[in-house]
$ cat coords-v8.pdb   # PDB, C-alpha atoms, pLDDT in the B column
ATOM      1  CA  MET A 279      -5.758 -33.070 -24.276  1.00 41.00           C
ATOM      2  CA  ALA A 280      -5.056 -34.366 -20.780  1.00 46.00           C
ATOM      3  CA  ALA A 281      -2.292 -31.785 -20.406  1.00 45.00           C
ATOM      4  CA  VAL A 282      -4.513 -28.955 -21.666  1.00 44.00           C
ATOM      5  CA  VAL A 283      -7.479 -29.622 -19.382  1.00 44.00           C
ATOM      6  CA  SER A 284      -5.406 -30.422 -16.306  1.00 49.00           C
ATOM      7  CA  GLY A 285      -5.322 -27.777 -13.578  1.00 52.00           C
ATOM      8  CA  CYS A 286      -2.086 -26.531 -12.031  1.00 55.00           C
ATOM      9  CA  THR A 287      -2.239 -24.790  -8.653  1.00 53.00           C
ATOM     10  CA  THR A 288       0.606 -23.006  -6.891  1.00 52.00           C
ATOM     11  CA  GLU A 289       0.400 -22.505  -3.137  1.00 51.00           C
ATOM     12  CA  GLN A 290       0.559 -19.154  -1.361  1.00 50.00           C
ATOM     13  CA  ILE A 291       3.969 -17.493  -1.233  1.00 50.00           C
ATOM     14  CA  THR A 292       4.899 -14.608   1.066  1.00 49.00           C
ATOM     15  CA  GLU A 293       6.850 -12.069  -0.941  1.00 48.00           C
ATOM     16  CA  ALA A 294       9.813 -10.201   0.537  1.00 43.00           C
ATOM     17  CA  SER A 295      10.171  -6.437   0.715  1.00 46.00           C
ATOM     18  CA  LYS A 296      12.221  -6.224  -2.490  1.00 57.00           C
ATOM     19  CA  ALA A 297       9.062  -6.613  -4.522  1.00 63.00           C
ATOM     20  CA  PRO A 298       7.599  -5.156  -7.719  1.00 78.00           C
ATOM     21  CA  ALA A 299       5.573  -1.957  -7.510  1.00 81.00           C
ATOM     22  CA  GLU A 300       2.220  -3.769  -7.769  1.00 83.00           C
ATOM     23  CA  GLN A 301       3.050  -5.830  -4.669  1.00 85.00           C
ATOM     24  CA  GLN A 302       4.155  -2.737  -2.759  1.00 87.00           C
ATOM     25  CA  LEU A 303       0.859  -1.091  -3.731  1.00 90.00           C
ATOM     26  CA  ALA A 304      -1.003  -4.150  -2.445  1.00 91.00           C
ATOM     27  CA  VAL A 305       0.740  -3.968   0.926  1.00 91.00           C
ATOM     28  CA  THR A 306       0.421  -0.214   1.401  1.00 92.00           C
ATOM     29  CA  LYS A 307      -3.302  -0.422   0.548  1.00 94.00           C
ATOM     30  CA  ALA A 308      -3.631  -3.061   3.261  1.00 95.00           C
ATOM     31  CA  VAL A 309      -1.759  -0.705   5.613  1.00 95.00           C
ATOM     32  CA  ASP A 310      -4.228   2.073   4.772  1.00 95.00           C
ATOM     33  CA  HIS A 311      -7.145  -0.200   5.707  1.00 95.00           C
ATOM     34  CA  ALA A 312      -5.500  -1.398   8.931  1.00 96.00           C
ATOM     35  CA  VAL A 313      -4.608   2.119  10.112  1.00 96.00           C
ATOM     36  CA  GLU A 314      -8.060   3.493   9.266  1.00 95.00           C
ATOM     37  CA  ASN A 315      -9.593   0.721  11.392  1.00 94.00           C
ATOM     38  CA  LEU A 316      -7.641   1.745  14.504  1.00 94.00           C
ATOM     39  CA  ARG A 317     -10.027   3.004  17.170  1.00 89.00           C
ATOM     40  CA  LEU A 318      -8.227   6.075  18.441  1.00 88.00           C
ATOM     41  CA  GLU A 319      -9.435   8.554  21.071  1.00 87.00           C
ATOM     42  CA  ILE A 320      -7.214  11.437  22.112  1.00 90.00           C
ATOM     43  CA  ALA A 321      -7.821  14.881  23.561  1.00 92.00           C
ATOM     44  CA  PRO A 322      -7.333  17.705  21.033  1.00 93.00           C
ATOM     45  CA  THR A 323      -3.929  19.475  20.993  1.00 95.00           C
ATOM     46  CA  THR A 324      -2.309  16.695  23.052  1.00 96.00           C
ATOM     47  CA  LYS A 325       1.434  16.661  22.465  1.00 97.00           C
ATOM     48  CA  VAL A 326       2.280  13.211  21.100  1.00 97.00           C
ATOM     49  CA  PHE A 327       5.615  11.557  20.382  1.00 98.00           C
ATOM     50  CA  VAL A 328       5.430   8.588  17.979  1.00 97.00           C
ATOM     51  CA  ASP A 329       7.660   5.732  19.129  1.00 96.00           C
ATOM     52  CA  SER A 330       8.428   3.478  16.144  1.00 93.00           C
ATOM     53  CA  SER A 331      11.203   1.476  17.819  1.00 92.00           C
ATOM     54  CA  TYR A 332       8.970  -1.610  17.900  1.00 90.00           C
ATOM     55  CA  VAL A 333       8.425  -1.524  14.145  1.00 88.00           C
ATOM     56  CA  ASP A 334      10.685  -4.212  12.723  1.00 77.00           C
ATOM     57  CA  THR A 335      12.562  -2.760   9.750  1.00 71.00           C
ATOM     58  CA  GLU A 336      14.547  -5.902   8.933  1.00 68.00           C
ATOM     59  CA  ASP A 337      13.718  -7.804   5.769  1.00 59.00           C
ATOM     60  CA  LYS A 338      11.285 -10.415   7.108  1.00 58.00           C
ATOM     61  CA  GLY A 339       8.522  -9.886   4.591  1.00 54.00           C
ATOM     62  CA  LEU A 340       7.879  -6.356   5.899  1.00 58.00           C
ATOM     63  CA  VAL A 341       7.323  -3.886   3.083  1.00 68.00           C
ATOM     64  CA  LEU A 342       7.880  -0.117   3.419  1.00 82.00           C
ATOM     65  CA  PRO A 343       7.744   0.281   7.238  1.00 87.00           C
ATOM     66  CA  LYS A 344       8.161   4.064   6.942  1.00 90.00           C
ATOM     67  CA  TYR A 345       4.858   4.197   5.070  1.00 92.00           C
ATOM     68  CA  THR A 346       3.142   2.562   8.060  1.00 93.00           C
ATOM     69  CA  ILE A 347       4.739   5.023  10.467  1.00 94.00           C
ATOM     70  CA  GLY A 348       3.679   7.939   8.266  1.00 95.00           C
ATOM     71  CA  ALA A 349       0.124   6.623   8.045  1.00 96.00           C
ATOM     72  CA  VAL A 350      -0.114   6.466  11.851  1.00 96.00           C
ATOM     73  CA  ARG A 351       1.301   9.977  12.188  1.00 96.00           C
ATOM     74  CA  ASP A 352      -1.354  11.170   9.746  1.00 97.00           C
ATOM     75  CA  LEU A 353      -4.049   9.415  11.795  1.00 96.00           C
ATOM     76  CA  LEU A 354      -2.882  11.126  14.989  1.00 96.00           C
ATOM     77  CA  LEU A 355      -2.858  14.540  13.330  1.00 96.00           C
ATOM     78  CA  ARG A 356      -6.358  14.048  11.978  1.00 95.00           C
ATOM     79  CA  ALA A 357      -7.460  13.013  15.484  1.00 94.00           C
ATOM     80  CA  GLY A 358      -6.302  16.426  16.769  1.00 94.00           C
ATOM     81  CA  ALA A 359      -2.901  15.594  18.249  1.00 96.00           C
ATOM     82  CA  ASN A 360       0.130  17.855  18.050  1.00 97.00           C
ATOM     83  CA  LEU A 361       3.188  15.795  17.080  1.00 97.00           C
ATOM     84  CA  VAL A 362       6.479  16.613  18.780  1.00 97.00           C
ATOM     85  CA  PRO A 363       9.970  15.432  17.707  1.00 95.00           C
ATOM     86  CA  GLU A 364      11.217  14.445  21.185  1.00 95.00           C
ATOM     87  CA  ARG A 365       9.818  12.226  23.932  1.00 94.00           C
ATOM     88  CA  LYS A 366      10.690  14.762  26.657  1.00 94.00           C
ATOM     89  CA  SER A 367       8.407  17.348  25.040  1.00 95.00           C
ATOM     90  CA  ALA A 368       5.412  15.002  24.828  1.00 97.00           C
ATOM     91  CA  ASP A 369       2.371  14.537  27.026  1.00 97.00           C
ATOM     92  CA  VAL A 370       1.635  11.153  25.479  1.00 97.00           C
ATOM     93  CA  VAL A 371       3.794   8.540  23.735  1.00 97.00           C
ATOM     94  CA  ALA A 372       2.168   6.624  20.868  1.00 97.00           C
ATOM     95  CA  GLU A 373       3.891   3.252  20.603  1.00 97.00           C
ATOM     96  CA  LEU A 374       3.369   1.552  17.237  1.00 96.00           C
ATOM     97  CA  ARG A 375       3.833  -2.149  16.539  1.00 94.00           C
ATOM     98  CA  THR A 376       3.279  -4.257  13.437  1.00 91.00           C
ATOM     99  CA  GLY A 377       2.464  -7.948  13.305  1.00 89.00           C
ATOM    100  CA  ALA A 378       2.536  -8.620   9.572  1.00 86.00           C
ATOM    101  CA  GLN A 379       3.091  -6.920   6.254  1.00 87.00           C
ATOM    102  CA  ALA A 380       3.320  -9.132   3.204  1.00 87.00           C
ATOM    103  CA  VAL A 381       1.755 -10.230  -0.055  1.00 88.00           C
ATOM    104  CA  ASP A 382       0.273 -13.691  -0.336  1.00 90.00           C
ATOM    105  CA  ARG A 383       0.132 -14.902  -3.911  1.00 89.00           C
ATOM    106  CA  LYS A 384      -1.796 -17.832  -5.342  1.00 91.00           C
ATOM    107  CA  GLY A 385      -1.981 -18.927  -8.960  1.00 91.00           C
ATOM    108  CA  PHE A 386      -4.257 -21.330 -10.809  1.00 90.00           C
ATOM    109  CA  LEU A 387      -3.791 -22.502 -14.393  1.00 90.00           C
ATOM    110  CA  VAL A 388      -5.868 -24.680 -16.674  1.00 91.00           C
ATOM    111  CA  GLY A 389      -3.647 -25.416 -19.626  1.00 89.00           C
ATOM    112  CA  VAL A 390       0.029 -25.996 -20.231  1.00 87.00           C
ATOM    113  CA  PRO A 391       2.547 -24.097 -18.096  1.00 87.00           C
ATOM    114  CA  ALA A 392       5.749 -22.719 -19.533  1.00 85.00           C
ATOM    115  CA  PHE A 393       8.673 -25.077 -19.140  1.00 82.00           C
ATOM    116  CA  THR A 394      12.217 -25.575 -20.393  1.00 86.00           C
ATOM    117  CA  ILE A 395      13.323 -28.430 -22.653  1.00 84.00           C
ATOM    118  CA  PRO A 396      17.020 -29.308 -22.812  1.00 84.00           C
ATOM    119  CA  VAL A 397      18.175 -29.503 -26.450  1.00 81.00           C
ATOM    120  CA  PRO A 398      21.483 -31.271 -27.108  1.00 81.00           C
ATOM    121  CA  LEU A 399      24.145 -29.012 -28.621  1.00 76.00           C
ATOM    122  CA  ALA A 400      21.704 -26.074 -28.686  1.00 76.00           C
ATOM    123  CA  GLY A 401      21.023 -25.277 -25.045  1.00 78.00           C
ATOM    124  CA  PRO A 402      17.662 -25.064 -23.234  1.00 84.00           C
ATOM    125  CA  LEU A 403      14.483 -24.214 -25.140  1.00 83.00           C
ATOM    126  CA  SER A 404      11.700 -22.375 -23.304  1.00 85.00           C
ATOM    127  CA  THR A 405       8.116 -23.066 -24.340  1.00 83.00           C
ATOM    128  CA  PRO A 406       5.365 -20.455 -23.911  1.00 84.00           C
ATOM    129  CA  GLU A 407       2.500 -20.826 -21.497  1.00 84.00           C
ATOM    130  CA  VAL A 408      -0.812 -21.953 -23.018  1.00 85.00           C
ATOM    131  CA  ALA A 409      -3.641 -20.833 -20.725  1.00 87.00           C
ATOM    132  CA  VAL A 410      -7.202 -21.996 -21.278  1.00 90.00           C
ATOM    133  CA  PHE A 411      -7.957 -20.292 -17.961  1.00 93.00           C
ATOM    134  CA  LYS A 412      -5.555 -18.599 -15.575  1.00 92.00           C
ATOM    135  CA  ARG A 413      -5.979 -16.737 -12.297  1.00 92.00           C
ATOM    136  CA  ASP A 414      -3.174 -14.871 -10.529  1.00 92.00           C
ATOM    137  CA  SER A 415      -4.303 -13.653  -7.097  1.00 92.00           C
ATOM    138  CA  GLN A 416      -2.321 -11.290  -4.873  1.00 91.00           C
ATOM    139  CA  ARG A 417      -3.573 -10.339  -1.423  1.00 93.00           C
ATOM    140  CA  GLY A 418      -1.900  -7.649   0.643  1.00 92.00           C
ATOM    141  CA  ILE A 419      -1.985  -8.200   4.409  1.00 93.00           C
ATOM    142  CA  SER A 420      -1.243  -5.832   7.291  1.00 94.00           C
ATOM    143  CA  LYS A 421      -1.573  -6.080  11.070  1.00 94.00           C
ATOM    144  CA  VAL A 422      -0.927  -3.027  13.266  1.00 95.00           C
ATOM    145  CA  ALA A 423      -1.656  -1.824  16.799  1.00 96.00           C
ATOM    146  CA  LEU A 424      -1.126   1.385  18.723  1.00 96.00           C
ATOM    147  CA  THR A 425      -0.658   1.920  22.477  1.00 96.00           C
ATOM    148  CA  LEU A 426      -0.766   5.384  24.036  1.00 96.00           C
ATOM    149  CA  TYR A 427       0.695   6.024  27.484  1.00 97.00           C
ATOM    150  CA  ASN A 428       1.553   9.021  29.657  1.00 96.00           C
ATOM    151  CA  ALA A 429       5.054  10.265  28.820  1.00 96.00           C
ATOM    152  CA  LYS A 430       5.780  11.199  32.450  1.00 95.00           C
ATOM    153  CA  THR A 431       4.211   8.376  34.468  1.00 96.00           C
ATOM    154  CA  GLY A 432       4.018   5.569  31.899  1.00 95.00           C
ATOM    155  CA  ALA A 433       0.345   5.015  32.710  1.00 97.00           C
ATOM    156  CA  LEU A 434      -1.914   3.689  29.963  1.00 96.00           C
ATOM    157  CA  VAL A 435      -3.916   6.352  28.162  1.00 95.00           C
ATOM    158  CA  ASN A 436      -5.468   4.344  25.342  1.00 93.00           C
ATOM    159  CA  SER A 437      -4.955   1.103  23.466  1.00 94.00           C
ATOM    160  CA  THR A 438      -6.414   0.580  20.008  1.00 94.00           C
ATOM    161  CA  GLY A 439      -6.071  -3.186  20.006  1.00 93.00           C
ATOM    162  CA  VAL A 440      -4.994  -5.090  16.922  1.00 95.00           C
ATOM    163  CA  SER A 441      -6.272  -3.932  13.540  1.00 96.00           C
ATOM    164  CA  TYR A 442      -6.135  -5.935  10.320  1.00 96.00           C
ATOM    165  CA  GLY A 443      -6.208  -4.703   6.746  1.00 95.00           C
ATOM    166  CA  ASP A 444      -6.079  -6.386   3.375  1.00 94.00           C
ATOM    167  CA  SER A 445      -6.226  -5.636  -0.349  1.00 94.00           C
ATOM    168  CA  ARG A 446      -6.762  -7.650  -3.516  1.00 92.00           C
ATOM    169  CA  ASN A 447      -5.237  -7.664  -6.962  1.00 91.00           C
ATOM    170  CA  ASN A 448      -6.551 -10.502  -9.134  1.00 91.00           C
ATOM    171  CA  ARG A 449      -5.777 -11.034 -12.810  1.00 90.00           C
ATOM    172  CA  TYR A 450      -7.518 -13.452 -15.143  1.00 93.00           C
ATOM    173  CA  ALA A 451      -6.880 -14.833 -18.614  1.00 91.00           C
ATOM    174  CA  ALA A 452      -9.045 -17.124 -20.723  1.00 91.00           C
ATOM    175  CA  LEU A 453      -8.824 -18.768 -24.140  1.00 88.00           C
ATOM    176  CA  LEU A 454      -5.354 -17.304 -24.726  1.00 82.00           C
ATOM    177  CA  VAL A 455      -6.587 -13.805 -25.656  1.00 85.00           C
ATOM    178  CA  PHE A 456      -9.132 -12.570 -23.076  1.00 90.00           C
ATOM    179  CA  THR A 457      -7.786 -10.826 -19.966  1.00 91.00           C
ATOM    180  CA  TRP A 458      -9.397  -8.860 -17.136  1.00 90.00           C
ATOM    181  CA  SER A 459      -8.677  -7.899 -13.542  1.00 89.00           C
ATOM    182  CA  GLU A 460     -10.311  -7.182 -10.186  1.00 90.00           C
ATOM    183  CA  GLN A 461      -8.377  -4.978  -7.774  1.00 88.00           C
ATOM    184  CA  ASP A 462      -8.650  -2.245  -5.154  1.00 85.00           C
ATOM    185  CA  VAL A 463      -5.016  -1.140  -4.932  1.00 86.00           C
ATOM    186  CA  MET A 464      -5.311   1.667  -7.483  1.00 83.00           C
ATOM    187  CA  PRO A 465      -8.145   3.835  -8.847  1.00 82.00           C
ATOM    188  CA  GLU A 466      -9.399   2.930 -12.292  1.00 76.00           C
ATOM    189  CA  LYS A 467      -8.338   6.366 -13.503  1.00 78.00           C
ATOM    190  CA  ILE A 468      -5.537   8.354 -11.901  1.00 77.00           C
ATOM    191  CA  PRO A 469      -6.626  12.013 -11.517  1.00 74.00           C
ATOM    192  CA  GLU A 470      -4.780  14.571 -13.580  1.00 77.00           C
ATOM    193  CA  PRO A 471      -2.469  16.928 -11.651  1.00 72.00           C
ATOM    194  CA  SER A 472      -4.006  20.244 -10.679  1.00 65.00           C
ATOM    195  CA  GLY A 473      -1.198  22.222 -12.304  1.00 59.00           C
ATOM    196  CA  ASP A 474       1.931  21.838 -14.383  1.00 55.00           C
ATOM    197  CA  ALA A 475       5.005  23.120 -12.555  1.00 50.00           C
ATOM    198  CA  ASP A 476       7.013  23.171 -15.786  1.00 54.00           C
ATOM    199  CA  ALA A 477       4.493  25.259 -17.694  1.00 51.00           C
ATOM    200  CA  PRO A 478       5.488  28.910 -18.147  1.00 54.00           C
ATOM    201  CA  ALA A 479       3.519  31.392 -16.131  1.00 50.00           C
ATOM    202  CA  PRO A 480       1.036  33.394 -18.202  1.00 51.00           C
ATOM    203  CA  SER A 481       2.264  36.898 -19.006  1.00 47.00           C
ATOM    204  CA  ARG A 482       0.287  39.811 -17.650  1.00 46.00           C
ATOM    205  CA  ARG A 483      -0.038  42.803 -19.918  1.00 46.00           C
ATOM    206  CA  PRO A 484      -1.808  46.029 -19.123  1.00 47.00           C
ATOM    207  CA  SER A 485      -5.169  46.315 -20.787  1.00 45.00           C
ATOM    208  CA  SER A 486      -5.317  48.553 -23.857  1.00 45.00           C
ATOM    209  CA  ASN A 487      -8.984  49.240 -23.297  1.00 47.00           C
ATOM    210  CA  PRO A 488      -9.340  52.701 -21.685  1.00 44.00           C
ATOM    211  CA  SER A 489     -12.658  51.715 -20.145  1.00 43.00           C
ATOM    212  CA  ALA A 490     -10.909  48.932 -18.243  1.00 42.00           C
ATOM    213  CA  ARG A 491      -8.599  51.354 -16.412  1.00 43.00           C
ATOM    214  CA  ARG A 492      -9.449  52.286 -12.871  1.00 44.00           C
ATOM    215  CA  GLU A 493      -9.101  55.765 -11.511  1.00 43.00           C
ATOM    216  CA  PRO A 494      -6.988  56.085  -8.343  1.00 41.00           C
TER     217      PRO A 494
END

$ encode --input "coords-v8.pdb" --output "C-alpha cells"
Amino acid sequence: MAAVVSGCTTEQITEASKAPAEQQLAVTKAVDHAVENLRLEIAPTTKVFVDSSYVDTEDKGLVLPKYTIGAVRDLLLRAGANLVPERKSADVVAELRTGAQAVDRKGFLVGVPAFTIPVPLAGPLSTPEVAVFKRDSQRGISKVALTLYNAKTGALVNSTGVSYGDSRNNRYAALLVFTWSEQDVMPEKIPEPSGDADAPAPSRRPSSNPSARREP
C-alpha cells in the first residue's frame, strides 16, 4: 500500500530537436504564439530581406528553425512588406534571432512505476506501470525577436523587442482505465480537405434536353 499511494515526480527535461511529432507540434505552436506577439510596424510595399544568420541551427534544443524563419516571413508579408531574395535589393533588413526553442516535460505518478527485475538464467523482467493517478505535462517554449534596419545606412528602423510564446499538452490517467487530455497544440477535429486530388474529374456530357440548348 505504501508503494501504491506514494507519489513519484520527475523533474523538467529539455528535449532535443530529434523529438516525436507531438513535441515538435508543441514547439511550433509556441513559435506561432511568439511570432504573433511581435509588435511590427513597417511601411507598405517596403522591400525587406530576411537575415536568418543569427538563428542557431545547431542541435542545442532548437526544434525546426526553418519553421520559425517561415513564420516571420509570413508576418512580414501580412504586414505589407515585399520580400526580396538578396540584401542588395532591399530597403530594409529584418534580422531574426531566437533565444529558446524547446519542450519542458514534467511527470507525476501516484502508484507503482514500471521497473525491471533481474531474473537469474532468464534475463530481465519488465513490470507494467500501475497508475492510480498520472500526469504527463509538456510545455513548448519559444523566444524570438526581430530587428529592422536600413539596408544602405544600417540605421535602426524598428525593433520588436523580445517576444515569448508557449503551448501546453497535458495527459492524465486515473484508476488504471480513465484517461483524458488538455492541450492547445492541435484542433480537436482536423478539417477535411477541400478537394481530393486523386478523385477523377467529373465527365461533362452535352445535355440531351433540347430546351437546355442555347441559340448562338

$ residues_around --input "coords-v8.pdb" --residues "region 446-453 of chain A" --least-positions-apart "4" --cutoff "10 Å" --atoms "all atoms listed in the file" --output "MDAnalysis selection string"
chainID A and resid 300:301 303:305 307:308 381:389 408:419 457:464

$ atom_distance --input "coords-v8.pdb" --atom1 "CA of Asn428 (chain A)" --atom2 "CA of Ala321 (chain A)"
12.6 Å

$ atom_distance --input "coords-v8.pdb" --atom1 "CA of Lys421 (chain A)" --atom2 "CA of Leu374 (chain A)"
11.0 Å

$ atom_distance --input "coords-v8.pdb" --atom1 "CA of Ala378 (chain A)" --atom2 "CA of Asn436 (chain A)"
21.9 Å

$ closest_residue --input "coords-v8.pdb" --among "A:Val422, A:Ala299, A:Ile468, A:Ala429" --to "Val362 (chain A)" --atoms "only C-alpha atoms"
A:Ala429

$ residues_around --input "coords-v8.pdb" --residues "Val333 (chain A)" --least-positions-apart "2" --cutoff "8 Å" --atoms "only C-alpha atoms" --output "list in words"
Ser330, Ser331, Thr335, Pro343, Leu374, Arg375 and Thr376 of chain A

$ closest_residue --input "coords-v8.pdb" --among "A:Asp329, A:Asp352, A:Asp334, A:Glu470" --to "Tyr427 (chain A)" --atoms "all atoms listed in the file"
A:Asp329

$ closest_residue --input "coords-v8.pdb" --among "A:Val328, A:Ala380, A:Ile320, A:Leu454" --to "Ser420 (chain A)" --atoms "all atoms listed in the file"
A:Ala380

$ resolve_selection --input "coords-v8.pdb" --expression "the PyMOL selection byres ((chain A and resi 426) around 12)" --output "JSON, numbers by chain"
{"A": [317, 318, 319, 320, 321, 324, 325, 326, 327, 328, 329, 354, 359, 368, 369, 370, 371, 372, 373, 374, 375, 423, 424, 425, 427, 428, 429, 431, 432, 433, 434, 435, 436, 437, 438, 439]}

$ write_last_selection --input "coords-v8.pdb" --atoms "C-alpha atoms" --output "PDB file, in the frame of the given file"
ATOM      1  CA  ARG A 317     -10.027   3.004  17.170  1.00 89.00           C
ATOM      2  CA  LEU A 318      -8.227   6.075  18.441  1.00 88.00           C
ATOM      3  CA  GLU A 319      -9.435   8.554  21.071  1.00 87.00           C
ATOM      4  CA  ILE A 320      -7.214  11.437  22.112  1.00 90.00           C
ATOM      5  CA  ALA A 321      -7.821  14.881  23.561  1.00 92.00           C
ATOM      6  CA  THR A 324      -2.309  16.695  23.052  1.00 96.00           C
ATOM      7  CA  LYS A 325       1.434  16.661  22.465  1.00 97.00           C
ATOM      8  CA  VAL A 326       2.280  13.211  21.100  1.00 97.00           C
ATOM      9  CA  PHE A 327       5.615  11.557  20.382  1.00 98.00           C
ATOM     10  CA  VAL A 328       5.430   8.588  17.979  1.00 97.00           C
ATOM     11  CA  ASP A 329       7.660   5.732  19.129  1.00 96.00           C
ATOM     12  CA  LEU A 354      -2.882  11.126  14.989  1.00 96.00           C
ATOM     13  CA  ALA A 359      -2.901  15.594  18.249  1.00 96.00           C
ATOM     14  CA  ALA A 368       5.412  15.002  24.828  1.00 97.00           C
ATOM     15  CA  ASP A 369       2.371  14.537  27.026  1.00 97.00           C
ATOM     16  CA  VAL A 370       1.635  11.153  25.479  1.00 97.00           C
ATOM     17  CA  VAL A 371       3.794   8.540  23.735  1.00 97.00           C
ATOM     18  CA  ALA A 372       2.168   6.624  20.868  1.00 97.00           C
ATOM     19  CA  GLU A 373       3.891   3.252  20.603  1.00 97.00           C
ATOM     20  CA  LEU A 374       3.369   1.552  17.237  1.00 96.00           C
ATOM     21  CA  ARG A 375       3.833  -2.149  16.539  1.00 94.00           C
ATOM     22  CA  ALA A 423      -1.656  -1.824  16.799  1.00 96.00           C
ATOM     23  CA  LEU A 424      -1.126   1.385  18.723  1.00 96.00           C
ATOM     24  CA  THR A 425      -0.658   1.920  22.477  1.00 96.00           C
ATOM     25  CA  TYR A 427       0.695   6.024  27.484  1.00 97.00           C
ATOM     26  CA  ASN A 428       1.553   9.021  29.657  1.00 96.00           C
ATOM     27  CA  ALA A 429       5.054  10.265  28.820  1.00 96.00           C
ATOM     28  CA  THR A 431       4.211   8.376  34.468  1.00 96.00           C
ATOM     29  CA  GLY A 432       4.018   5.569  31.899  1.00 95.00           C
ATOM     30  CA  ALA A 433       0.345   5.015  32.710  1.00 97.00           C
ATOM     31  CA  LEU A 434      -1.914   3.689  29.963  1.00 96.00           C
ATOM     32  CA  VAL A 435      -3.916   6.352  28.162  1.00 95.00           C
ATOM     33  CA  ASN A 436      -5.468   4.344  25.342  1.00 93.00           C
ATOM     34  CA  SER A 437      -4.955   1.103  23.466  1.00 94.00           C
ATOM     35  CA  THR A 438      -6.414   0.580  20.008  1.00 94.00           C
ATOM     36  CA  GLY A 439      -6.071  -3.186  20.006  1.00 93.00           C
TER      37      GLY A 439
END
